[in-house]
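**Student:** Just one file: query-v9.cif, with mmCIF, C-alpha atoms.
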```
data_work
#
loop_
_atom_site.label_atom_id
_atom_site.label_comp_id
_atom_site.auth_asym_id
_atom_site.auth_seq_id
_atom_site.Cartn_x
_atom_site.Cartn_y
_atom_site.Cartn_z
CA MET A 1 -19.56 32.24 72.14
CA SER A 2 -20.63 30.43 75.29
CA ILE A 3 -20.10 26.73 75.95
CA LEU A 4 -23.84 26.21 75.72
CA GLN A 5 -23.87 27.73 72.26
CA THR A 6 -20.97 25.52 71.19
CA ILE A 7 -22.85 22.44 72.36
CA LYS A 8 -25.98 23.63 70.56
CA ASP A 9 -24.05 24.14 67.33
CA LYS A 10 -22.45 20.72 67.66
CA VAL A 11 -25.79 19.01 68.18
CA ARG A 12 -27.58 20.95 65.46
CA SER A 13 -24.85 20.18 62.93
CA ARG A 14 -25.72 16.49 63.42
CA SER A 15 -29.46 16.98 63.09
CA ILE A 16 -30.47 18.65 59.85
CA HIS A 17 -34.05 18.03 58.86
CA VAL A 18 -34.75 18.27 55.19
CA SER A 19 -37.95 18.79 53.28
CA TYR A 20 -38.02 18.64 49.53
CA VAL A 21 -40.43 20.13 47.08
CA ASP A 22 -40.72 19.53 43.36
CA LEU A 23 -41.84 22.64 41.45
CA GLY A 24 -42.36 20.79 38.21
CA SER A 25 -39.24 18.94 37.18
CA CYS A 26 -38.67 15.86 35.08
CA ASN A 27 -38.14 13.64 38.20
CA GLY A 28 -34.45 13.18 37.46
CA CYS A 29 -33.33 15.30 40.42
CA ASP A 30 -35.96 13.67 42.68
CA ILE A 31 -34.37 10.32 41.91
CA GLU A 32 -30.93 11.72 42.77
CA VAL A 33 -32.29 12.97 46.13
CA LEU A 34 -33.72 9.51 46.70
CA ALA A 35 -30.32 8.03 45.82
CA CYS A 36 -28.90 10.11 48.69
CA LEU A 37 -31.18 8.17 51.06
CA ALA A 38 -30.06 4.80 49.74
CA PRO A 39 -27.19 2.91 51.47
CA ARG A 40 -24.59 3.82 48.85
CA TYR A 41 -24.67 7.51 49.69
CA ASP A 42 -26.57 7.22 53.02
CA ILE A 43 -27.45 10.81 53.86
CA GLU A 44 -28.49 9.88 57.43
CA GLN A 45 -24.96 9.03 58.54
CA TYR A 46 -24.25 12.77 58.34
CA GLY A 47 -27.25 13.48 60.54
CA ILE A 48 -29.45 14.67 57.71
CA TYR A 49 -33.01 13.40 57.88
CA VAL A 50 -35.60 13.72 55.14
CA HIS A 51 -39.09 14.24 56.56
CA ASN A 52 -40.93 16.16 53.87
CA ASN A 53 -42.73 18.22 56.48
CA PRO A 54 -41.96 21.95 56.32
CA ARG A 55 -43.00 22.52 59.95
CA GLU A 56 -40.05 20.50 61.24
CA ALA A 57 -37.59 21.22 58.44
CA ASP A 58 -34.37 23.22 58.54
CA VAL A 59 -33.45 22.92 54.89
CA LEU A 60 -35.81 23.07 51.94
CA ILE A 61 -34.58 21.35 48.80
CA VAL A 62 -36.17 22.95 45.78
CA ILE A 63 -36.31 20.91 42.58
CA GLY A 64 -37.92 21.98 39.32
CA ALA A 65 -38.55 25.01 37.19
CA TYR A 66 -41.41 26.76 39.07
CA THR A 67 -44.60 26.05 37.16
CA PRO A 68 -47.60 28.43 37.58
CA GLY A 69 -49.28 26.00 40.01
CA TRP A 70 -46.69 26.95 42.63
CA GLN A 71 -47.24 30.70 42.50
CA GLU A 72 -49.46 30.80 45.59
CA LYS A 73 -47.97 27.75 47.28
CA LEU A 74 -44.21 28.09 47.45
CA THR A 75 -44.00 31.29 49.53
CA PRO A 76 -46.47 30.05 52.23
CA LEU A 77 -44.54 26.78 52.32
CA TRP A 78 -41.29 28.71 52.83
CA GLU A 79 -42.89 30.76 55.62
CA LYS A 80 -44.05 27.61 57.41
CA ILE A 81 -40.45 26.52 57.94
CA PRO A 82 -39.23 27.73 61.35
CA ASP A 83 -36.04 29.80 61.58
CA PRO A 84 -33.12 29.17 61.08
CA LYS A 85 -33.79 27.90 57.60
CA ALA A 86 -32.16 27.64 54.20
CA ALA A 87 -33.27 26.71 50.72
CA ILE A 88 -31.11 24.76 48.29
CA ALA A 89 -31.83 24.76 44.57
CA VAL A 90 -31.00 21.31 43.23
CA GLY A 91 -30.48 20.85 39.50
CA ASN A 92 -30.44 23.22 36.59
CA CYS A 93 -34.22 23.81 36.56
CA PRO A 94 -34.53 26.08 39.64
CA ILE A 95 -31.41 27.98 38.51
CA SER A 96 -32.11 28.56 34.82
CA GLY A 97 -35.08 26.48 33.72
CA CYS A 98 -32.66 24.21 31.82
CA CYS A 99 -34.17 22.61 28.73
CA PHE A 100 -37.69 23.71 29.69
CA ASN A 101 -36.75 27.37 29.39
CA ARG A 102 -38.02 27.81 25.84
CA ARG A 103 -40.21 30.45 24.30
CA GLY A 104 -43.81 30.04 25.45
CA ALA A 105 -42.97 27.62 28.28
CA TYR A 106 -45.12 27.94 31.42
CA ILE A 107 -42.25 28.24 33.87
CA ASP A 108 -40.79 31.14 35.81
CA PRO A 109 -37.18 30.45 36.82
CA PRO A 110 -35.02 31.19 38.70
CA VAL A 111 -36.54 30.15 42.00
CA SER A 112 -34.33 32.72 43.80
CA LYS A 113 -36.79 35.36 42.56
CA HIS A 114 -39.48 33.85 44.78
CA ILE A 115 -37.67 32.56 47.89
CA PRO A 116 -34.12 33.25 49.12
CA VAL A 117 -31.86 30.45 47.94
CA ALA A 118 -28.75 29.76 50.02
CA ALA A 119 -26.97 27.32 47.73
CA GLU A 120 -27.27 26.10 44.19
CA VAL A 121 -26.31 22.68 42.87
CA PRO A 122 -25.93 22.84 39.09
CA GLY A 123 -26.23 19.72 36.98
CA CYS A 124 -28.87 17.89 35.05
CA PRO A 125 -29.14 15.98 37.30
CA PRO A 126 -26.45 16.67 39.94
CA ARG A 127 -24.61 13.79 41.55
CA PRO A 128 -25.89 12.70 44.98
CA THR A 129 -22.49 13.59 46.43
CA GLU A 130 -22.90 17.15 45.14
CA ILE A 131 -26.34 17.44 46.79
CA LEU A 132 -24.85 16.06 49.99
CA ALA A 133 -21.95 18.51 49.88
CA ALA A 134 -24.34 21.43 49.34
CA ILE A 135 -26.47 20.51 52.37
CA LEU A 136 -23.34 20.15 54.50
CA SER A 137 -21.99 23.51 53.30
CA VAL A 138 -25.25 25.31 54.09
CA ARG A 139 -25.39 23.74 57.54
CA ASP A 140 -22.38 25.66 58.87
CA ALA A 141 -23.34 28.99 57.33
CA VAL A 142 -26.96 29.01 58.52
CA PHE A 143 -26.98 27.24 61.85
CA ALA A 144 -23.71 28.29 63.48
CA ASN A 145 -24.22 30.66 66.43
CA TRP A 146 -27.87 31.25 65.56
CA GLU A 147 -28.89 32.70 68.97
CA GLY A 148 -25.80 34.92 69.03
CA ARG A 149 -26.67 36.41 65.67
CA GLN A 150 -30.30 36.98 66.69
CA ARG A 151 -29.32 39.36 69.49
CA MET B 1 -27.40 1.34 92.76
CA ALA B 2 -24.15 3.25 92.19
CA ALA B 3 -22.68 0.25 90.39
CA SER B 4 -25.67 0.15 88.12
CA ILE B 5 -25.31 3.86 87.21
CA ILE B 6 -21.63 3.38 86.50
CA TRP B 7 -22.48 0.39 84.36
CA TYR B 8 -24.90 2.48 82.34
CA LEU B 9 -22.44 5.37 81.97
CA ARG B 10 -19.75 3.00 80.75
CA GLU B 11 -22.20 1.39 78.38
CA PHE B 12 -23.24 4.69 76.82
CA PHE B 13 -19.84 6.37 76.71
CA ARG B 14 -17.75 3.60 75.29
CA PRO B 15 -15.42 5.13 72.71
CA GLY B 16 -16.32 2.92 69.79
CA TRP B 17 -20.01 3.64 70.16
CA LEU B 18 -19.39 7.41 70.49
CA LYS B 19 -17.20 7.42 67.39
CA LYS B 20 -19.84 5.55 65.44
CA PHE B 21 -22.50 7.97 66.61
CA LEU B 22 -20.64 11.20 65.99
CA PHE B 23 -18.81 10.53 62.75
CA ALA B 24 -19.81 9.37 59.31
CA LYS B 25 -19.44 5.64 58.96
CA THR B 26 -18.61 5.46 55.28
CA ALA B 27 -16.05 7.69 53.64
CA PRO B 28 -17.48 10.40 51.39
CA LEU B 29 -17.62 8.97 47.91
CA THR B 30 -15.21 10.52 45.47
CA THR B 31 -16.08 11.40 41.90
CA PRO B 32 -14.76 8.65 39.62
CA PRO B 33 -12.29 9.73 36.89
CA TYR B 34 -14.64 8.64 34.09
CA PHE B 35 -17.44 10.90 35.33
CA ARG B 36 -18.54 13.27 32.56
CA ASP B 37 -18.23 16.52 34.49
CA PHE B 38 -18.57 20.08 33.21
CA PRO B 39 -16.23 20.46 30.21
CA GLU B 40 -12.83 21.91 30.98
CA PRO B 41 -10.32 23.50 28.59
CA THR B 42 -7.49 21.26 27.44
CA GLY B 43 -5.27 24.23 26.55
CA LYS B 44 -5.51 23.82 22.79
CA PRO B 45 -6.42 27.07 21.02
CA CYS B 46 -10.05 27.57 20.06
CA GLN B 47 -10.45 28.05 16.29
CA HIS B 48 -13.92 29.63 16.57
CA ALA B 49 -15.67 26.90 14.57
CA LEU B 50 -18.65 27.27 16.93
CA PHE B 51 -19.64 23.61 16.51
CA CYS B 52 -19.98 23.39 20.31
CA MET B 53 -22.65 26.10 20.30
CA MET B 54 -24.43 24.51 17.34
CA VAL B 55 -24.59 21.04 18.86
CA CYS B 56 -25.47 22.11 22.43
CA PRO B 57 -29.01 20.97 23.34
CA ALA B 58 -29.38 23.16 26.45
CA PRO B 59 -30.30 26.83 25.94
CA GLY B 60 -27.58 29.24 27.02
CA ALA B 61 -25.14 26.59 28.21
CA ILE B 62 -22.08 27.43 26.11
CA ASP B 63 -20.74 30.63 24.60
CA VAL B 64 -17.57 31.25 22.65
CA VAL B 65 -16.25 34.61 23.79
CA MET B 66 -13.25 36.71 22.82
CA GLU B 67 -10.78 37.09 25.64
CA GLU B 68 -7.46 38.90 25.58
CA ASP B 69 -5.59 35.92 24.10
CA GLY B 70 -8.17 34.58 21.68
CA TRP B 71 -11.50 32.81 21.57
CA ARG B 72 -12.56 30.76 24.56
CA PRO B 73 -15.54 28.48 25.08
CA ARG B 74 -17.31 29.38 28.29
CA ILE B 75 -19.59 26.86 30.03
CA HIS B 76 -22.44 28.27 32.08
CA LYS B 77 -23.14 26.13 35.12
CA GLY B 78 -26.83 25.99 35.83
CA HIS B 79 -27.50 25.70 32.12
CA CYS B 80 -25.06 22.94 31.13
CA ILE B 81 -26.52 19.42 31.32
CA ARG B 82 -23.13 17.69 31.03
CA CYS B 83 -24.10 15.74 27.92
CA GLY B 84 -20.57 16.13 26.53
CA LEU B 85 -21.71 16.83 22.96
CA CYS B 86 -19.59 20.00 22.75
CA VAL B 87 -16.51 17.98 23.71
CA GLU B 88 -17.30 15.46 21.01
CA ALA B 89 -18.25 17.95 18.30
CA CYS B 90 -15.18 20.19 18.65
CA PRO B 91 -12.86 19.50 15.70
CA ASN B 92 -9.84 20.91 17.59
CA GLY B 93 -10.20 19.14 20.95
CA VAL B 94 -10.48 22.35 22.94
CA LEU B 95 -12.65 20.85 25.66
CA ARG B 96 -12.23 17.79 27.82
CA SER B 97 -14.67 15.90 30.01
CA GLY B 98 -14.34 12.46 31.51
CA ARG B 99 -13.22 9.87 28.99
CA ILE B 100 -15.00 11.33 25.97
CA LEU B 101 -11.90 12.23 23.97
CA GLU B 102 -10.25 8.87 24.66
CA THR B 103 -13.41 6.99 23.69
CA ARG B 104 -13.77 9.05 20.54
CA LYS B 105 -10.21 8.20 19.54
CA ALA B 106 -10.50 4.50 20.41
CA GLU B 107 -13.77 3.98 18.58
CA GLY B 108 -13.06 6.33 15.67
CA THR B 109 -16.30 8.24 16.08
CA ALA B 110 -16.73 11.81 14.92
CA PHE B 111 -19.37 14.40 14.30
CA ILE B 112 -19.42 15.89 10.82
CA VAL B 113 -21.16 19.24 10.51
CA THR B 114 -22.27 20.29 7.04
CA PHE B 115 -24.29 23.28 5.94
CA ARG B 116 -26.85 23.51 3.20
CA ILE B 117 -27.81 26.83 1.69
CA SER B 118 -31.32 27.01 0.28
CA ILE B 119 -32.65 30.11 -1.45
CA ASP B 120 -36.32 30.52 -2.24
CA PRO B 121 -36.36 31.99 -5.78
CA ASP B 122 -39.87 33.38 -5.30
CA LEU B 123 -38.88 35.46 -2.27
CA CYS B 124 -35.36 36.43 -3.35
CA THR B 125 -35.11 39.94 -4.76
CA GLY B 126 -31.48 39.63 -5.79
CA CYS B 127 -30.42 42.47 -3.49
CA GLY B 128 -27.14 40.75 -2.67
CA ASN B 129 -27.25 41.41 1.07
CA CYS B 130 -26.37 37.78 1.76
CA ALA B 131 -23.30 37.79 -0.44
CA THR B 132 -22.16 41.13 0.98
CA SER B 133 -22.67 40.25 4.64
CA CYS B 134 -21.05 36.80 4.43
CA PRO B 135 -17.76 36.90 6.38
CA VAL B 136 -16.26 34.08 4.30
CA ASN B 137 -17.05 35.99 1.10
CA LYS B 138 -15.38 39.03 2.54
CA GLN B 139 -12.21 37.05 3.18
CA LEU B 140 -12.15 35.44 -0.27
CA ASP B 141 -12.99 38.60 -2.19
CA PRO B 142 -12.29 41.81 -0.27
CA GLN B 143 -13.60 43.80 -3.25
CA ILE B 144 -17.16 42.51 -2.81
CA GLY B 145 -19.45 45.45 -2.14
CA ALA B 146 -23.10 46.34 -1.90
CA GLY B 147 -25.05 44.47 -4.52
CA GLY B 148 -23.10 41.28 -4.01
CA HIS B 149 -21.40 41.34 -7.43
CA SER B 150 -18.05 39.61 -7.60
CA SER B 151 -15.72 38.69 -10.38
CA ASN B 152 -14.14 36.07 -8.16
CA ASP B 153 -15.60 32.58 -8.58
CA GLU B 154 -14.11 31.34 -5.29
CA VAL B 155 -16.84 33.03 -3.19
CA ILE B 156 -19.68 31.07 -1.61
CA MET B 157 -22.37 33.00 -3.45
CA ARG B 158 -22.65 36.01 -5.71
CA VAL B 159 -25.28 37.93 -7.61
CA LEU B 160 -25.28 37.40 -11.35
CA ASP B 161 -27.98 38.79 -13.63
CA GLY B 162 -30.20 39.72 -10.68
CA ASP B 163 -30.11 36.22 -9.14
CA VAL B 164 -28.04 34.80 -6.31
CA HIS B 165 -25.93 31.86 -7.37
CA VAL B 166 -24.42 29.53 -4.78
CA LEU B 167 -20.98 28.47 -6.03
CA HIS B 168 -19.21 26.88 -3.07
CA GLU B 169 -21.64 25.54 -0.49
CA GLU B 170 -18.86 23.55 1.18
CA LYS B 171 -17.08 26.74 2.33
CA CYS B 172 -20.04 27.83 4.46
CA THR B 173 -19.28 27.96 8.20
CA GLY B 174 -22.90 28.10 9.29
CA CYS B 175 -22.77 31.50 10.96
CA LYS B 176 -26.21 32.43 9.55
CA THR B 177 -25.23 36.09 9.05
CA CYS B 178 -26.86 35.98 5.61
CA GLU B 179 -30.11 34.68 7.13
CA VAL B 180 -30.20 37.63 9.53
CA SER B 181 -29.42 40.21 6.85
CA CYS B 182 -31.91 38.92 4.27
CA PRO B 183 -34.86 41.35 4.05
CA THR B 184 -37.33 38.79 2.70
CA ARG B 185 -36.14 35.68 4.57
CA ALA B 186 -35.44 33.99 1.26
CA ILE B 187 -32.16 32.39 2.33
CA GLN B 188 -32.09 29.56 4.86
CA ILE B 189 -29.04 27.77 6.21
CA ALA B 190 -29.54 24.20 7.36
CA ARG B 191 -26.97 22.89 9.82
CA ILE B 192 -26.68 19.16 9.43
CA LEU B 193 -24.93 17.17 12.11
CA GLU B 194 -23.96 13.63 11.29
CA GLY B 195 -22.43 11.02 13.57
CA THR B 196 -19.91 8.80 11.83
CA GLN B 197 -17.68 5.93 12.83
CA GLN B 198 -14.52 4.82 11.05
CA PRO B 199 -14.23 1.07 10.52
CA GLN B 200 -12.10 -0.45 13.26
CA LYS B 201 -8.58 -1.49 12.36
CA GLY B 202 -7.84 -5.20 12.61
CA GLY B 203 -11.02 -6.47 10.95
CA GLY B 204 -13.56 -5.76 13.64
CA GLN B 205 -17.28 -5.79 13.08
#
```
Would you mind writing the file out in structure tokens?
**Tutor:**
Amino acid sequence: MSILQTIKDKVRSRSIHVSYVDLGSCNGCDIEVLACLAPRYDIEQYGIYVHNNPREADVLIVIGAYTPGWQEKLTPLWEKIPDPKAAIAVGNCPISGCCFNRRGAYIDPPVSKHIPVAAEVPGCPPRPTEILAAILSVRDAVFANWEGRQR
Amino acid sequence: MAASIIWYLREFFRPGWLKKFLFAKTAPLTTPPYFRDFPEPTGKPCQHALFCMMVCPAPGAIDVVMEEDGWRPRIHKGHCIRCGLCVEACPNGVLRSGRILETRKAEGTAFIVTFRISIDPDLCTGCGNCATSCPVNKQLDPQIGAGGHSSNDEVIMRVLDGDVHVLHEEKCTGCKTCEVSCPTRAIQIARILEGTQQPQKGGGQ
């Protein structure tokens, strides 16, 4: 790995841009993501910035149990994100459907059927520190030596 | 000119500023000890009462499975909502999470699970499948066979004169095997969960 690549990795690891999308959840996990932004947990001190724009995002945070309204929207949204990219399923809903996964419910979990999910954060809702730890763990796996792996 | 550049370089590369820029300013917050995390085994043997599975509000979150050295509750992450009801409902203290067990002891709270057997006499054909399939019946009267007749009056229910008679409702464990084996859906088991609190010692409220 060249010096240039090392510098690139170092810089990228301090500049993760996050977009989040709610596929029909109860808002509990959204509030936990918002708590990450607040001074107590302060996600930006780790160089993670929430923009909510898929065109400039590196990490997509997926919340919610995939309602039918997202069938034609989630995959285009995932394709809009430039490489290298990763999706993180936050909460029980994108993993199992949680308490919404009952007979006759209009949901289609898990989200990993529809887009590749790099990390899962179980919990209903998960703690902000767990969300933070998941983003930081994905960062090294996805962004390290990206150009080297492309060749 | 040169002095000005040096001034700028020293301004931008002062160690304190670099450290502040490159490293997190607050320590990562640790999980407090009272946090109600996913239930963990305490090491006490599971008695297979299945109250954890009955009380669990999340679908598919807890299973009690047979492993080589006995029954074990297994928590499924991604389904578990960390409500802690299984920890509280377990009569044997098999699971542990946060301060739930300590709080339960200090405040004298408990869950009492009772079962009510109701048989619809219009639907019941008196076939005796319920009495035969019942695992508790089988333990109390190993002689019980097809037809559900028993000479033992310790059994939960038995067939007498073409009708099912419930003798000992309190022995029911709520497994609902009889409900599954009933051909006409005449028998229904109601699981009733009750929260209770013992009066505090020392004349509290």
**Student:** May I ask which of the residues A:Pro122, A:Gly69, A:Pro76, A:Pro116 is the closest one to chain B, counting all atoms listed in the file?
**Tutor:**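 With all atoms listed in the file as the atom set, the closest residue is A:Pro122.
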**Student:** Got a sec: who's within 12 Å of stretch 146-158 of chain B, counting only C-alpha atoms, leaving out chain neighbours fewer than 6 positions off, as a ChimeraX atom specification?
**Tutor:** /B:115-119,125-140,164-174,178,187
**Student:** Evaluate the PyMOL selection byres ((chain A) within 10 of (chain B)) here and jot the selected residues down as a ChimeraX atom specification.
**Tutor:** /A:10-11,14,39-47,90-102,120-130,132-133
**Student:** Mind pulling up the distance from atom CA of A:Ala86 to atom CA of A:Ala134?
**Tutor:**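 These two atoms are separated by 11.1 Å.
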**Student:** If the PyMOL selection byres ((chain A and resi 67) around 9) is run on the structure shown, which residues does it catch, given as a PyMOL selection string?
**Tutor:** chain A and resi 23-25+64-66+68-71+106-109
**Student:** One number please: atom CA of A:Tyr20 to atom CA of A:Lys8, in Å, one decimal.
**Tutor:**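 These two atoms are separated by 24.7 Å.
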**Student:** Would you work out the distance separating atom CA of A:Asp9 from atom CA of A:Leu34, expressed in Å to one decimal?
**Tutor:** 27.1 Å
**Student:** Using the file's own x, y and z axes, so that the box edges lie along x, y and z, what centre and edge lengths in Å (one decimal) does a box around every listed atom of stretch 138-143 of chain A get when 3 Å is added on each side? Give it as lines of an AutoDock Vina configuration file.
**Tutor:**
```
center_x = -24.7
center_y = 26.4
center_z = 58.0
size_x = 10.6
size_y = 11.3
size_z = 13.8
```
**Student:** With all atoms listed in the file as the atoms that count, which of A:Val18, A:Met1, A:Cys26, A:Ile7 lies nearest to A:Glu56?
**Tutor:**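 Residue with the minimum atom-to-atom distance to A:Glu56: A:Val18.
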**Student:** So that I can see what lies close to B:Met66, please list as an NGL selection string the residues with an atom at most 12 Å from it, counting all atoms listed in the file and leaving out residues fewer than 4 positions away in the same chain.
**Tutor:** :B and (45-48 or 70-74)
**Student:** Can you tell me which residues surround B:Cys56 at a distance of at most 8 Å, considering all atoms listed in the file, apart from same-chain residues fewer than 6 positions away, and format the answer as a list in words?
**Tutor:**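 Selected residues are Ile62, Leu85 and Cys86 of chain B.
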**Student:** Where does the PyMOL selection byres ((chain B and resi 91) around 9) land in this file, that is, which residues does it pick, as a ChimeraX atom specification?
**Tutor:** /B:47,49,51,87-90,92-94,110-112
**Student:** Kindly extract all protein, DNA and RNA residues lying within 7 Å of the coordinates (-39.9, 23.7, 46.9) given in the file, considering all atoms listed in the file, and supply them as an MDAnalysis selection string.
**Tutor:** chainID A and resid 20:23 60:63 74
**Student:** Can you find the residues with an atom no farther than 12 Å from (-39.8, 21.3, 58.2), counting only C-alpha atoms, and report them as a PyMOL selection string?
**Tutor:** chain A and resi 16-21+49-61+77-87
**Student:** Could you save the residues just selected, with C-alpha atoms, as a short mmCIF file (atom, residue, chain, number, x, y, z; two decimals), in the coordinates of the input?
**Tutor:**
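So the final result, stored in again-v4.cif, reads:
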```
data_model
loop_
_atom_site.label_atom_id
_atom_site.label_comp_id
_atom_site.auth_asym_id
_atom_site.auth_seq_id
_atom_site.Cartn_x
_atom_site.Cartn_y
_atom_site.Cartn_z
CA ILE A 16 -30.47 18.65 59.85
CA HIS A 17 -34.05 18.03 58.86
CA VAL A 18 -34.75 18.27 55.19
CA SER A 19 -37.95 18.79 53.28
CA TYR A 20 -38.02 18.64 49.53
CA VAL A 21 -40.43 20.13 47.08
CA TYR A 49 -33.01 13.40 57.88
CA VAL A 50 -35.60 13.72 55.14
CA HIS A 51 -39.09 14.24 56.56
CA ASN A 52 -40.93 16.16 53.87
CA ASN A 53 -42.73 18.22 56.48
CA PRO A 54 -41.96 21.95 56.32
CA ARG A 55 -43.00 22.52 59.95
CA GLU A 56 -40.05 20.50 61.24
CA ALA A 57 -37.59 21.22 58.44
CA ASP A 58 -34.37 23.22 58.54
CA VAL A 59 -33.45 22.92 54.89
CA LEU A 60 -35.81 23.07 51.94
CA ILE A 61 -34.58 21.35 48.80
CA LEU A 77 -44.54 26.78 52.32
CA TRP A 78 -41.29 28.71 52.83
CA GLU A 79 -42.89 30.76 55.62
CA LYS A 80 -44.05 27.61 57.41
CA ILE A 81 -40.45 26.52 57.94
CA PRO A 82 -39.23 27.73 61.35
CA ASP A 83 -36.04 29.80 61.58
CA PRO A 84 -33.12 29.17 61.08
CA LYS A 85 -33.79 27.90 57.60
CA ALA A 86 -32.16 27.64 54.20
CA ALA A 87 -33.27 26.71 50.72
#
```
**Student:** With the input short on atoms, add N, CA and C atoms back to stretch 32-54 of chain A and write it as a PDB file, in the coordinates of the input.
**Tutor:**
```
ATOM      1  N   GLU A  32     -32.258  11.539  42.180  1.00  0.00           N
ATOM      2  CA  GLU A  32     -30.930  11.720  42.770  1.00  0.00           C
ATOM      3  C   GLU A  32     -31.032  12.002  44.263  1.00  0.00           C
ATOM      4  N   VAL A  33     -32.081  12.746  44.690  1.00  0.00           N
ATOM      5  CA  VAL A  33     -32.290  12.970  46.130  1.00  0.00           C
ATOM      6  C   VAL A  33     -32.612  11.647  46.810  1.00  0.00           C
ATOM      7  N   LEU A  34     -33.407  10.816  46.138  1.00  0.00           N
ATOM      8  CA  LEU A  34     -33.720   9.510  46.700  1.00  0.00           C
ATOM      9  C   LEU A  34     -32.471   8.642  46.781  1.00  0.00           C
ATOM     10  N   ALA A  35     -31.574   8.790  45.801  1.00  0.00           N
ATOM     11  CA  ALA A  35     -30.320   8.030  45.820  1.00  0.00           C
ATOM     12  C   ALA A  35     -29.472   8.415  47.028  1.00  0.00           C
ATOM     13  N   CYS A  36     -29.608   9.680  47.480  1.00  0.00           N
ATOM     14  CA  CYS A  36     -28.900  10.110  48.690  1.00  0.00           C
ATOM     15  C   CYS A  36     -29.354   9.289  49.900  1.00  0.00           C
ATOM     16  N   LEU A  37     -30.636   8.903  49.912  1.00  0.00           N
ATOM     17  CA  LEU A  37     -31.180   8.170  51.060  1.00  0.00           C
ATOM     18  C   LEU A  37     -30.739   6.715  51.052  1.00  0.00           C
ATOM     19  N   ALA A  38     -30.383   6.205  49.881  1.00  0.00           N
ATOM     20  CA  ALA A  38     -30.060   4.800  49.740  1.00  0.00           C
ATOM     21  C   ALA A  38     -28.697   4.504  50.385  1.00  0.00           C
ATOM     22  N   PRO A  39     -28.417   3.236  50.716  1.00  0.00           N
ATOM     23  CA  PRO A  39     -27.190   2.910  51.470  1.00  0.00           C
ATOM     24  C   PRO A  39     -25.893   3.343  50.807  1.00  0.00           C
ATOM     25  N   ARG A  40     -25.853   3.471  49.496  1.00  0.00           N
ATOM     26  CA  ARG A  40     -24.590   3.820  48.850  1.00  0.00           C
ATOM     27  C   ARG A  40     -24.130   5.210  49.258  1.00  0.00           C
ATOM     28  N   TYR A  41     -25.039   6.140  49.315  1.00  0.00           N
ATOM     29  CA  TYR A  41     -24.670   7.510  49.690  1.00  0.00           C
ATOM     30  C   TYR A  41     -25.050   7.804  51.139  1.00  0.00           C
ATOM     31  N   ASP A  42     -26.156   7.247  51.605  1.00  0.00           N
ATOM     32  CA  ASP A  42     -26.570   7.220  53.020  1.00  0.00           C
ATOM     33  C   ASP A  42     -26.479   8.591  53.679  1.00  0.00           C
ATOM     34  N   ILE A  43     -27.435   9.434  53.384  1.00  0.00           N
ATOM     35  CA  ILE A  43     -27.450  10.810  53.860  1.00  0.00           C
ATOM     36  C   ILE A  43     -27.602  10.855  55.400  1.00  0.00           C
ATOM     37  N   GLU A  44     -28.194   9.813  55.996  1.00  0.00           N
ATOM     38  CA  GLU A  44     -28.490   9.880  57.430  1.00  0.00           C
ATOM     39  C   GLU A  44     -27.253   9.703  58.291  1.00  0.00           C
ATOM     40  N   GLN A  45     -26.166   9.158  57.733  1.00  0.00           N
ATOM     41  CA  GLN A  45     -24.960   9.030  58.540  1.00  0.00           C
ATOM     42  C   GLN A  45     -24.342  10.392  58.838  1.00  0.00           C
ATOM     43  N   TYR A  46     -24.728  11.411  58.072  1.00  0.00           N
ATOM     44  CA  TYR A  46     -24.250  12.770  58.340  1.00  0.00           C
ATOM     45  C   TYR A  46     -25.234  13.523  59.235  1.00  0.00           C
ATOM     46  N   GLY A  47     -26.253  12.841  59.699  1.00  0.00           N
ATOM     47  CA  GLY A  47     -27.250  13.480  60.540  1.00  0.00           C
ATOM     48  C   GLY A  47     -28.230  14.328  59.753  1.00  0.00           C
ATOM     49  N   ILE A  48     -28.481  13.955  58.530  1.00  0.00           N
ATOM     50  CA  ILE A  48     -29.450  14.670  57.710  1.00  0.00           C
ATOM     51  C   ILE A  48     -30.655  13.747  57.540  1.00  0.00           C
ATOM     52  N   TYR A  49     -31.815  14.228  57.913  1.00  0.00           N
ATOM     53  CA  TYR A  49     -33.010  13.400  57.880  1.00  0.00           C
ATOM     54  C   TYR A  49     -34.046  14.019  56.966  1.00  0.00           C
ATOM     55  N   VAL A  50     -34.595  13.221  56.080  1.00  0.00           N
ATOM     56  CA  VAL A  50     -35.600  13.720  55.140  1.00  0.00           C
ATOM     57  C   VAL A  50     -36.980  13.389  55.702  1.00  0.00           C
ATOM     58  N   HIS A  51     -37.765  14.426  55.980  1.00  0.00           N
ATOM     59  CA  HIS A  51     -39.090  14.240  56.560  1.00  0.00           C
ATOM     60  C   HIS A  51     -40.205  14.660  55.638  1.00  0.00           C
ATOM     61  N   ASN A  52     -39.919  15.601  54.741  1.00  0.00           N
ATOM     62  CA  ASN A  52     -40.930  16.160  53.870  1.00  0.00           C
ATOM     63  C   ASN A  52     -42.055  16.844  54.630  1.00  0.00           C
ATOM     64  N   ASN A  53     -41.741  17.439  55.748  1.00  0.00           N
ATOM     65  CA  ASN A  53     -42.730  18.220  56.480  1.00  0.00           C
ATOM     66  C   ASN A  53     -42.102  19.577  56.760  1.00  0.00           C
ATOM     67  N   PRO A  54     -42.612  20.642  56.150  1.00  0.00           N
ATOM     68  CA  PRO A  54     -41.960  21.950  56.320  1.00  0.00           C
ATOM     69  C   PRO A  54     -41.954  22.456  57.752  1.00  0.00           C
TER      70      PRO A  54
END
```
